[in-house]
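Novice: Provided below: coords.txt, containing compact mmCIF, C-alpha atoms.
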```
# COMPACT_ATOMS: atom_id res chain seq x y z
CA MET A 25 39.96 -43.62 -147.99
CA LYS A 26 42.74 -43.59 -145.41
CA LYS A 27 46.13 -44.36 -146.91
CA SER A 28 49.62 -45.07 -145.55
CA ILE A 29 51.97 -42.41 -146.90
CA GLY A 30 55.23 -43.45 -145.20
CA ALA A 31 56.74 -41.86 -142.09
CA GLU A 32 56.04 -38.30 -143.22
CA ASN A 33 56.14 -35.48 -140.66
CA CYS A 34 52.88 -33.57 -141.23
CA LEU A 35 53.00 -31.38 -138.10
CA TYR A 36 52.97 -28.39 -140.39
CA PRO A 37 52.74 -25.50 -140.68
CA SER A 38 54.84 -24.48 -137.68
CA PRO A 39 55.64 -20.93 -136.43
CA SER A 40 58.50 -19.38 -138.36
CA VAL A 41 60.92 -17.61 -136.01
CA ILE A 42 64.39 -16.09 -136.02
CA VAL A 43 66.78 -17.41 -133.37
CA GLY A 44 69.60 -15.14 -132.21
CA ALA A 45 72.91 -15.85 -130.50
CA ASP A 46 76.16 -13.99 -130.07
CA ILE A 47 79.15 -15.66 -131.68
CA LYS A 48 82.58 -14.32 -130.86
CA GLY A 49 80.89 -11.21 -129.44
CA LYS A 50 78.81 -10.52 -132.57
CA ALA A 51 75.10 -11.03 -133.13
CA ASN A 52 74.04 -13.82 -135.47
CA TYR A 53 70.60 -15.02 -136.54
CA ILE A 54 69.01 -18.07 -138.11
CA THR A 55 65.46 -18.80 -139.26
CA ILE A 56 63.90 -21.98 -137.95
CA ALA A 57 60.47 -23.60 -137.65
CA TRP A 58 61.36 -26.73 -135.72
CA ILE A 59 60.40 -25.14 -132.45
CA GLY A 60 57.71 -25.69 -129.85
CA ILE A 61 56.44 -24.79 -126.40
CA LEU A 62 57.45 -27.19 -123.63
CA GLY A 63 56.15 -25.23 -120.64
CA HIS A 64 54.63 -21.88 -119.72
CA LYS A 65 58.11 -20.37 -119.84
CA ILE A 66 60.00 -23.13 -121.64
CA ILE A 67 60.87 -23.42 -125.32
CA GLY A 68 62.46 -26.33 -127.19
CA MET A 69 63.99 -26.11 -130.65
CA SER A 70 65.93 -28.38 -132.95
CA MET A 71 68.80 -27.13 -135.07
CA ASN A 72 71.05 -28.98 -137.49
CA LYS A 73 74.55 -29.34 -136.04
CA SER A 74 76.04 -27.69 -139.11
CA HIS A 75 74.50 -24.32 -138.20
CA TYR A 76 76.82 -21.55 -137.08
CA THR A 77 74.33 -20.30 -134.46
CA ASN A 78 74.54 -23.55 -132.43
CA GLN A 79 78.11 -22.67 -131.47
CA GLY A 80 77.03 -19.35 -129.92
CA ILE A 81 74.14 -20.89 -128.00
CA LYS A 82 76.45 -23.48 -126.44
CA GLU A 83 79.18 -20.95 -125.64
CA ASN A 84 76.95 -18.33 -123.98
CA LYS A 85 74.16 -20.61 -122.77
CA THR A 86 71.70 -17.99 -123.98
CA PHE A 87 69.64 -17.39 -127.12
CA SER A 88 66.69 -15.33 -128.31
CA VAL A 89 63.52 -16.23 -130.19
CA ASN A 90 62.33 -13.38 -132.39
CA ILE A 91 58.88 -13.49 -133.97
CA PRO A 92 58.67 -11.65 -137.30
CA SER A 93 55.51 -10.26 -138.85
CA VAL A 94 54.42 -11.10 -142.38
CA LYS A 95 55.95 -7.85 -143.60
CA MET A 96 59.36 -9.33 -142.65
CA LEU A 97 58.79 -12.47 -144.73
CA LYS A 98 61.57 -11.76 -147.23
CA GLU A 99 64.12 -10.90 -144.54
CA THR A 100 63.14 -14.00 -142.55
CA ASP A 101 63.57 -16.27 -145.55
CA TYR A 102 66.88 -14.65 -146.40
CA ILE A 103 68.23 -15.27 -142.89
CA GLY A 104 67.46 -18.96 -143.36
CA MET A 105 69.29 -19.06 -146.68
CA VAL A 106 72.68 -17.61 -145.80
CA SER A 107 75.05 -18.89 -143.10
CA GLY A 108 76.55 -16.53 -140.54
CA LYS A 109 79.87 -18.20 -141.37
CA ILE A 110 79.98 -16.25 -144.61
CA SER A 111 77.60 -13.33 -144.04
CA ASP A 112 77.39 -10.77 -141.23
CA LYS A 113 73.67 -10.87 -140.47
CA SER A 114 74.06 -8.51 -137.48
CA LYS A 115 74.02 -5.61 -139.94
CA LEU A 116 70.58 -6.42 -141.34
CA PHE A 117 68.70 -5.14 -138.29
CA LYS A 118 68.78 -2.90 -135.29
CA ASN A 119 70.04 -5.29 -132.62
CA PHE A 120 69.33 -4.91 -128.93
CA TYR A 121 70.21 -6.78 -125.75
CA GLY A 122 68.24 -7.38 -122.57
CA SER A 123 69.02 -8.58 -119.07
CA LEU A 124 71.09 -11.57 -120.22
CA LYS A 125 73.49 -9.20 -122.00
CA ASN A 126 74.52 -11.68 -124.72
CA ALA A 127 71.29 -12.88 -126.37
CA PRO A 128 70.92 -10.53 -129.35
CA MET A 129 67.41 -9.53 -130.38
CA ILE A 130 65.94 -7.92 -133.49
CA ASP A 131 64.20 -4.64 -132.82
CA GLU A 132 62.18 -4.89 -136.05
CA CYS A 133 60.56 -8.18 -134.95
CA ALA A 134 57.17 -7.89 -133.24
CA ILE A 135 58.14 -10.08 -130.29
CA ASN A 136 61.46 -11.05 -128.75
CA MET A 137 61.96 -13.72 -126.12
CA GLU A 138 65.24 -13.77 -124.26
CA CYS A 139 66.13 -17.30 -123.15
CA GLU A 140 68.57 -19.07 -120.89
CA LEU A 141 69.78 -22.48 -122.10
CA THR A 142 69.01 -25.29 -119.64
CA GLN A 143 69.63 -28.46 -121.65
CA VAL A 144 71.04 -29.73 -124.95
CA LEU A 145 69.97 -33.07 -126.39
CA ASP A 146 72.00 -34.69 -129.12
CA ILE A 147 69.95 -36.50 -131.79
CA LYS A 148 72.56 -37.35 -134.40
CA SER A 149 72.16 -34.67 -137.08
CA HIS A 150 70.49 -32.11 -134.80
CA GLU A 151 70.87 -30.53 -131.39
CA ILE A 152 67.75 -29.86 -129.35
CA PHE A 153 68.12 -26.73 -127.27
CA ILE A 154 65.81 -26.29 -124.31
CA GLY A 155 65.64 -22.93 -122.60
CA ASN A 156 63.72 -20.86 -120.09
CA ILE A 157 62.26 -17.54 -121.16
CA VAL A 158 63.62 -14.88 -118.82
CA GLU A 159 62.07 -11.82 -120.45
CA THR A 160 59.79 -11.01 -123.37
CA TYR A 161 59.72 -7.77 -125.32
CA CYS A 162 56.96 -6.44 -127.54
CA ASP A 163 56.51 -3.16 -129.36
CA ASP A 164 53.34 -1.46 -128.17
CA LYS A 165 52.14 -1.17 -131.77
CA PHE A 166 51.64 -4.96 -131.64
CA MET A 167 49.62 -4.79 -128.43
CA THR A 168 46.02 -3.90 -127.54
CA ASN A 169 45.21 -2.81 -124.00
CA GLY A 170 48.67 -3.87 -122.85
CA LYS A 171 48.37 -7.42 -124.24
CA VAL A 172 50.05 -9.02 -127.27
CA ASP A 173 47.56 -8.91 -130.17
CA LEU A 174 48.13 -11.62 -132.79
CA VAL A 175 46.03 -9.72 -135.35
CA LYS A 176 48.62 -6.95 -135.12
CA VAL A 177 51.63 -9.28 -134.78
CA GLN A 178 50.70 -11.27 -137.92
CA PRO A 179 53.05 -14.18 -137.25
CA PHE A 180 53.48 -16.64 -140.11
CA PHE A 181 54.17 -20.31 -140.52
CA PHE A 182 56.47 -22.63 -142.42
CA SER A 183 55.59 -25.94 -143.99
CA MET A 184 57.99 -28.42 -145.55
CA LEU A 185 55.11 -30.17 -147.34
CA GLU A 186 54.85 -27.79 -150.29
CA PRO A 187 57.22 -26.16 -149.14
CA ALA A 188 55.52 -22.82 -148.35
CA TYR A 189 55.04 -20.03 -145.87
CA TRP A 190 51.47 -19.59 -144.64
CA SER A 191 49.72 -16.63 -143.05
CA LEU A 192 47.53 -16.71 -139.96
CA GLY A 193 43.79 -16.91 -140.51
CA GLU A 194 41.09 -15.78 -138.11
CA ARG A 195 39.92 -16.43 -134.58
CA ILE A 196 37.54 -19.35 -134.83
CA GLY A 197 36.69 -20.29 -131.27
CA LYS A 198 37.34 -20.08 -127.56
CA PRO A 199 39.28 -22.95 -125.96
CA TRP A 200 37.75 -24.81 -123.01
CA SER A 201 34.44 -23.36 -124.17
CA ILE A 202 33.45 -24.20 -127.76
CA GLY A 203 33.76 -27.91 -126.87
CA LYS A 204 30.77 -27.60 -124.56
CA ASP A 205 28.57 -27.48 -127.69
CA PHE A 206 29.81 -30.95 -128.57
CA LEU A 207 28.29 -32.25 -125.34
CA SER A 208 24.85 -30.83 -125.99
CA MET B 6 58.12 1.50 -128.44
CA LYS B 7 59.56 -1.85 -127.35
CA LYS B 8 58.44 -2.86 -123.86
CA SER B 9 59.35 -5.58 -121.38
CA ILE B 10 56.24 -7.65 -120.71
CA GLY B 11 57.65 -10.26 -118.31
CA ALA B 12 58.67 -13.81 -119.23
CA GLU B 13 55.61 -14.44 -121.39
CA ASN B 14 55.60 -17.33 -123.84
CA CYS B 15 54.47 -15.80 -127.15
CA LEU B 16 55.30 -18.74 -129.43
CA TYR B 17 51.64 -18.85 -130.36
CA PRO B 18 49.57 -19.94 -132.10
CA SER B 19 50.76 -23.54 -132.20
CA PRO B 20 49.23 -26.51 -134.10
CA SER B 21 46.33 -28.04 -132.19
CA VAL B 22 46.51 -31.83 -132.26
CA ILE B 23 44.96 -34.86 -130.59
CA VAL B 24 47.41 -37.30 -129.01
CA GLY B 25 46.32 -40.92 -128.66
CA ALA B 26 47.51 -43.74 -126.42
CA ASP B 27 46.10 -47.04 -125.25
CA ILE B 28 45.54 -47.25 -121.50
CA LYS B 29 44.71 -50.64 -120.05
CA GLY B 30 43.96 -51.85 -123.57
CA LYS B 31 41.56 -49.04 -124.41
CA ALA B 32 42.07 -46.01 -126.65
CA ASN B 33 42.34 -42.61 -124.98
CA TYR B 34 42.88 -39.16 -126.45
CA ILE B 35 44.00 -35.72 -125.30
CA THR B 36 44.18 -32.38 -127.09
CA ILE B 37 47.51 -30.55 -126.86
CA ALA B 38 49.33 -27.68 -128.57
CA TRP B 39 52.67 -27.88 -126.80
CA ILE B 40 54.19 -29.89 -129.59
CA GLY B 41 56.88 -29.34 -132.16
CA ILE B 42 59.02 -30.94 -134.84
CA LEU B 43 62.48 -32.04 -133.72
CA GLY B 44 63.60 -33.85 -136.85
CA HIS B 45 62.32 -35.00 -140.23
CA LYS B 46 60.68 -37.96 -138.51
CA ILE B 47 60.88 -36.83 -134.88
CA ILE B 48 58.22 -35.14 -132.77
CA GLY B 49 58.51 -33.70 -129.25
CA MET B 50 55.58 -32.82 -127.02
CA SER B 51 55.06 -31.66 -123.48
CA MET B 52 52.23 -32.94 -121.32
CA ASN B 53 51.30 -32.14 -117.74
CA LYS B 54 52.04 -35.11 -115.48
CA SER B 55 48.47 -35.09 -114.23
CA HIS B 56 47.17 -36.25 -117.63
CA TYR B 57 45.82 -39.76 -117.91
CA THR B 58 47.30 -40.24 -121.40
CA ASN B 59 50.90 -39.97 -120.10
CA GLN B 60 50.47 -43.30 -118.32
CA GLY B 61 49.60 -45.09 -121.58
CA ILE B 62 52.48 -43.56 -123.50
CA LYS B 63 54.96 -44.72 -120.86
CA GLU B 64 53.43 -48.19 -120.60
CA ASN B 65 53.31 -48.95 -124.33
CA LYS B 66 56.14 -46.71 -125.51
CA THR B 67 53.91 -45.67 -128.41
CA PHE B 68 51.53 -42.80 -129.16
CA SER B 69 49.77 -41.17 -132.08
CA VAL B 70 49.49 -37.57 -133.22
CA ASN B 71 46.18 -36.90 -134.97
CA ILE B 72 45.64 -33.67 -136.88
CA PRO B 73 42.02 -32.52 -136.90
CA SER B 74 40.45 -30.21 -139.48
CA VAL B 75 38.59 -27.04 -138.53
CA LYS B 76 35.30 -28.93 -138.84
CA MET B 77 36.43 -31.01 -135.83
CA LEU B 78 37.05 -27.90 -133.70
CA LYS B 79 34.32 -28.65 -131.17
CA GLU B 80 35.32 -32.28 -130.74
CA THR B 81 38.98 -31.28 -130.39
CA ASP B 82 38.19 -28.72 -127.70
CA TYR B 83 35.97 -31.22 -125.88
CA ILE B 84 38.76 -33.82 -125.78
CA GLY B 85 40.96 -31.23 -124.07
CA MET B 86 38.28 -30.48 -121.47
CA VAL B 87 37.46 -33.93 -120.11
CA SER B 88 39.90 -36.42 -118.63
CA GLY B 89 40.00 -40.03 -119.77
CA LYS B 90 39.96 -40.92 -116.07
CA ILE B 91 36.27 -40.07 -115.96
CA SER B 92 35.15 -40.24 -119.59
CA ASP B 93 35.56 -42.97 -122.22
CA LYS B 94 36.79 -40.93 -125.18
CA SER B 95 37.37 -44.04 -127.31
CA LYS B 96 33.65 -44.02 -128.12
CA LEU B 97 33.71 -40.56 -129.71
CA PHE B 98 35.39 -41.69 -132.91
CA LYS B 99 36.12 -44.55 -135.20
CA ASN B 100 39.47 -45.77 -133.85
CA PHE B 101 42.03 -47.60 -135.90
CA TYR B 102 45.47 -49.10 -135.32
CA GLY B 103 48.51 -49.35 -137.55
CA SER B 104 51.76 -51.29 -137.54
CA LEU B 105 52.55 -50.53 -133.88
CA LYS B 106 49.30 -52.25 -132.85
CA ASN B 107 48.77 -50.15 -129.68
CA ALA B 108 48.86 -46.48 -130.79
CA PRO B 109 45.17 -45.68 -131.36
CA MET B 110 44.32 -43.25 -134.15
CA ILE B 111 41.21 -41.29 -135.05
CA ASP B 112 39.81 -42.14 -138.46
CA GLU B 113 37.91 -38.81 -138.65
CA CYS B 114 41.16 -36.78 -138.35
CA ALA B 115 42.75 -35.68 -141.61
CA ILE B 116 46.21 -36.96 -140.69
CA ASN B 117 47.47 -39.55 -138.24
CA MET B 118 51.08 -40.10 -137.27
CA GLU B 119 51.96 -43.30 -135.48
CA CYS B 120 54.96 -42.80 -133.19
CA GLU B 121 57.40 -44.86 -131.18
CA LEU B 122 58.56 -43.30 -127.90
CA THR B 123 62.33 -42.86 -127.72
CA GLN B 124 62.85 -40.57 -124.73
CA VAL B 125 61.03 -38.98 -121.79
CA LEU B 126 62.34 -35.81 -120.14
CA ASP B 127 61.08 -34.80 -116.73
CA ILE B 128 60.61 -31.05 -116.26
CA LYS B 129 58.84 -30.84 -112.90
CA SER B 130 55.16 -30.34 -113.80
CA HIS B 131 55.43 -31.80 -117.32
CA GLU B 132 56.85 -34.77 -119.16
CA ILE B 133 58.40 -34.22 -122.57
CA PHE B 134 57.81 -37.17 -124.84
CA ILE B 135 60.07 -37.57 -127.84
CA GLY B 136 59.14 -40.07 -130.51
CA ASN B 137 59.92 -41.26 -134.00
CA ILE B 138 57.18 -41.29 -136.62
CA VAL B 139 56.94 -44.82 -137.98
CA GLU B 140 53.98 -44.35 -140.30
CA THR B 141 51.66 -41.57 -141.40
CA TYR B 142 48.09 -41.97 -142.63
CA CYS B 143 46.03 -39.52 -144.63
CA ASP B 144 42.61 -39.79 -146.19
CA ASP B 145 42.85 -39.21 -149.94
CA LYS B 146 40.21 -36.48 -149.71
CA PHE B 147 42.89 -34.38 -147.95
CA MET B 148 45.45 -34.98 -150.68
CA THR B 149 46.10 -33.57 -154.16
CA ASN B 150 48.10 -35.60 -156.65
CA GLY B 151 49.10 -38.01 -153.88
CA LYS B 152 50.47 -35.30 -151.57
CA VAL B 153 49.03 -33.88 -148.34
CA ASP B 154 47.21 -30.63 -149.20
CA LEU B 155 46.98 -28.18 -146.27
CA VAL B 156 44.18 -26.24 -148.00
CA LYS B 157 42.11 -29.42 -147.78
CA VAL B 158 43.42 -30.48 -144.35
CA GLN B 159 42.57 -27.09 -142.77
CA PRO B 160 44.59 -27.60 -139.59
CA PHE B 161 44.04 -25.05 -136.84
CA PHE B 162 46.05 -23.49 -134.09
CA PHE B 163 45.80 -22.77 -130.37
CA SER B 164 46.97 -19.68 -128.56
CA MET B 165 47.08 -19.17 -124.81
CA LEU B 166 47.38 -15.41 -125.29
CA GLU B 167 43.66 -14.68 -125.78
CA PRO B 168 43.07 -17.68 -125.41
CA ALA B 169 41.73 -18.64 -128.86
CA TYR B 170 41.78 -21.10 -131.69
CA TRP B 171 42.96 -19.68 -135.01
CA SER B 172 42.47 -20.88 -138.57
CA LEU B 173 45.14 -21.18 -141.24
CA GLY B 174 45.46 -18.30 -143.67
CA GLU B 175 46.92 -18.47 -147.16
CA ARG B 176 50.12 -19.41 -148.92
CA ILE B 177 52.25 -16.29 -148.90
CA GLY B 178 55.62 -17.32 -150.25
CA LYS B 179 58.10 -19.97 -151.21
CA PRO B 180 60.87 -20.79 -148.70
CA TRP B 181 64.51 -20.57 -149.81
CA SER B 182 63.24 -18.43 -152.66
CA ILE B 183 61.30 -15.30 -151.64
CA GLY B 184 64.33 -14.21 -149.59
CA LYS B 185 66.30 -13.74 -152.80
CA ASP B 186 64.27 -10.55 -153.36
CA PHE B 187 65.71 -9.17 -150.14
CA LEU B 188 69.18 -9.41 -151.65
CA SER B 189 68.30 -7.46 -154.77
```
Here is the file; what I need is its structure written in the form of structure tokens.

Specialist:
Amino acid sequence: MKKSIGAENCLYPSPSVIVGADIKGKANYITIAWIGILGHKIIGMSMNKSHYTNQGIKENKTFSVNIPSVKMLKETDYIGMVSGKISDKSKLFKNFYGSLKNAPMIDECAINMECELTQVLDIKSHEIFIGNIVETYCDDKFMTNGKVDLVKVQPFFFSMLEPAYWSLGERIGKPWSIGKDFLS
Amino acid sequence: MKKSIGAENCLYPSPSVIVGADIKGKANYITIAWIGILGHKIIGMSMNKSHYTNQGIKENKTFSVNIPSVKMLKETDYIGMVSGKISDKSKLFKNFYGSLKNAPMIDECAINMECELTQVLDIKSHEIFIGNIVETYCDDKFMTNGKVDLVKVQPFFFSMLEPAYWSLGERIGKPWSIGKDFLS
């Protein structure tokens, strides 16, 4: 039976990513899952105003979105536990920069998206950062025939419901195709 | 070796959901995956301006986010293939309404979130709808001890990369906890 359970956000699990920004000329990172695609090359993400990383994004008008593999689960969780105000997280990884020059990226992550900030929305406790992807980087060990291969990337997800991290399952169907069976 | 692959959006896979809105007093639905959490009770989603559903969301200032289980994969894909302009999708499901009165929800979906529109951002080809969740509904067969159980819900994900739908894997760790191992 369908039940009302209050205004609970059940849009979980959501991709777990590491956002990077330079602050005072030094790389800093934060783990978030309140992030989504807004356009083919547009990303939106929501970050509590208390986070140190917000400052760097607003100063430089750039940021990066780094997608870790399951094997980086512990590091990813750690980055979400400790503030850059008190810990130098730039030393945890091999950092690299791309064309924007000040959006730090994590070499160890499977995928890195370098983004240019286009808009900031203020929603009381959080800031919503909207940015255009200007370049994407992927290690060829995570690609097959020159294309990103999610089986190799092994991204993972975060859910506040349990809370828990979740792994990716299997390919279960082809979009704009499997639905044709529903018609017949 | 890390390679530049152009400005490719790799924030996939993303939760596959069915968005509902009344249009001219009749329920309509669309499948989307460009959606994300912006706050504990806030959802943001991006929809091409050509979609019929956008009209209803703007007229009523309400919408619903319905989370289908894997067993509804074919129906979900179908809803994303056919426009409400030419097909009456209200007849595909048992529709129900909640406190907002005009945000249609799909009884067959595991979870339904009834939302109130708070903001619309225009980004050329797409409109970004931001809304507050006012009530969430879940069938008790998808819950354990009164809480939403993702193992029972079996949400699934969409990726433009292949393109493909992907299933959920397994619980792999506890947030704000497993990262402590990284410290030791």

Novice: Residues of chain B within 6 Å of chain A, using only C-alpha atoms, as a PyMOL selection string?

Specialist: chain B and resi 6-14+39-43+46+51+79+82-83+86+138-145+169-181+183-184+187

Novice: Just want the 6 Å neighbourhood of Val24 of chain B, counted on all atoms listed in the file, with same-chain residues fewer than 6 positions away dropped. Output as a list in words.

Specialist: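 Residues near the query, excluding close chain neighbours: Tyr34, Ile35, Ser69 and Val70 of chain B.
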
Novice: Please indicate the distance in Å from atom CA of Val177 of chain A to atom CA of Thr142 of chain A, rounded to one decimal place.

Specialist: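 Result for atom CA of Val177 of chain A versus atom CA of Thr142 of chain A: 28.1 Å, one decimal.
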
Novice: How many Å lie between atom CA of Leu126 of chain B and atom CA of Asn65 of chain B, rounded to one decimal?

Specialist: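 Those two atoms sit 16.5 Å apart.
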
Novice: I'd like the interatomic distance between atom CA of Met129 of chain A and atom CA of Ser93 of chain A, to a tenth of an Å.

Specialist: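 Atom-to-atom, atom CA of Met129 of chain A and atom CA of Ser93 of chain A are spaced 14.6 Å apart.
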
Novice: Pick from B:Gln124, B:Asn33, B:Ser55, B:Lys157: nearest to Ser95 of chain B, with all atoms listed in the file counted?

Specialist: B:Asn33

Novice: Nearest residue to Asn107 of chain B out of B:Asn150, B:Ile37, B:Gln159, B:Lys66, using only C-alpha atoms?

Specialist: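 Residue with the minimum atom-to-atom distance to Asn107 of chain B: B:Lys66.
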
Novice: For segment 152-164 of chain A, where the input has fewer atoms than it should, I would like N, CA and C atoms rebuilt and written as a short mmCIF file (atom, residue, chain, number, x, y, z; two decimals), in the frame of the given file.

Specialist:
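This went into selection29.cif:
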```cif
data_model
loop_
_atom_site.label_atom_id
_atom_site.label_comp_id
_atom_site.auth_asym_id
_atom_site.auth_seq_id
_atom_site.Cartn_x
_atom_site.Cartn_y
_atom_site.Cartn_z
N ILE A 152 68.99 -30.43 -129.88
CA ILE A 152 67.75 -29.86 -129.35
C ILE A 152 68.13 -28.97 -128.18
N PHE A 153 67.83 -27.69 -128.33
CA PHE A 153 68.12 -26.73 -127.27
C PHE A 153 66.84 -26.46 -126.48
N ILE A 154 66.95 -26.59 -125.17
CA ILE A 154 65.81 -26.29 -124.31
C ILE A 154 66.19 -25.11 -123.43
N GLY A 155 65.31 -24.13 -123.37
CA GLY A 155 65.64 -22.93 -122.60
C GLY A 155 64.46 -22.31 -121.89
N ASN A 156 64.76 -21.60 -120.82
CA ASN A 156 63.72 -20.86 -120.09
C ASN A 156 63.65 -19.43 -120.61
N ILE A 157 62.45 -18.95 -120.79
CA ILE A 157 62.26 -17.54 -121.16
C ILE A 157 62.49 -16.70 -119.90
N VAL A 158 63.39 -15.74 -120.00
CA VAL A 158 63.62 -14.88 -118.82
C VAL A 158 62.95 -13.50 -118.99
N GLU A 159 62.77 -13.10 -120.23
CA GLU A 159 62.07 -11.82 -120.45
C GLU A 159 61.54 -11.79 -121.89
N THR A 160 60.39 -11.15 -122.05
CA THR A 160 59.79 -11.01 -123.37
C THR A 160 59.61 -9.52 -123.66
N TYR A 161 59.82 -9.16 -124.91
CA TYR A 161 59.72 -7.77 -125.32
C TYR A 161 58.73 -7.67 -126.48
N CYS A 162 57.92 -6.64 -126.45
CA CYS A 162 56.96 -6.44 -127.54
C CYS A 162 56.78 -4.95 -127.77
N ASP A 163 56.75 -4.56 -129.03
CA ASP A 163 56.51 -3.16 -129.36
C ASP A 163 55.04 -2.87 -129.10
N ASP A 164 54.75 -1.71 -128.53
CA ASP A 164 53.34 -1.46 -128.17
C ASP A 164 52.42 -1.34 -129.39
#
```
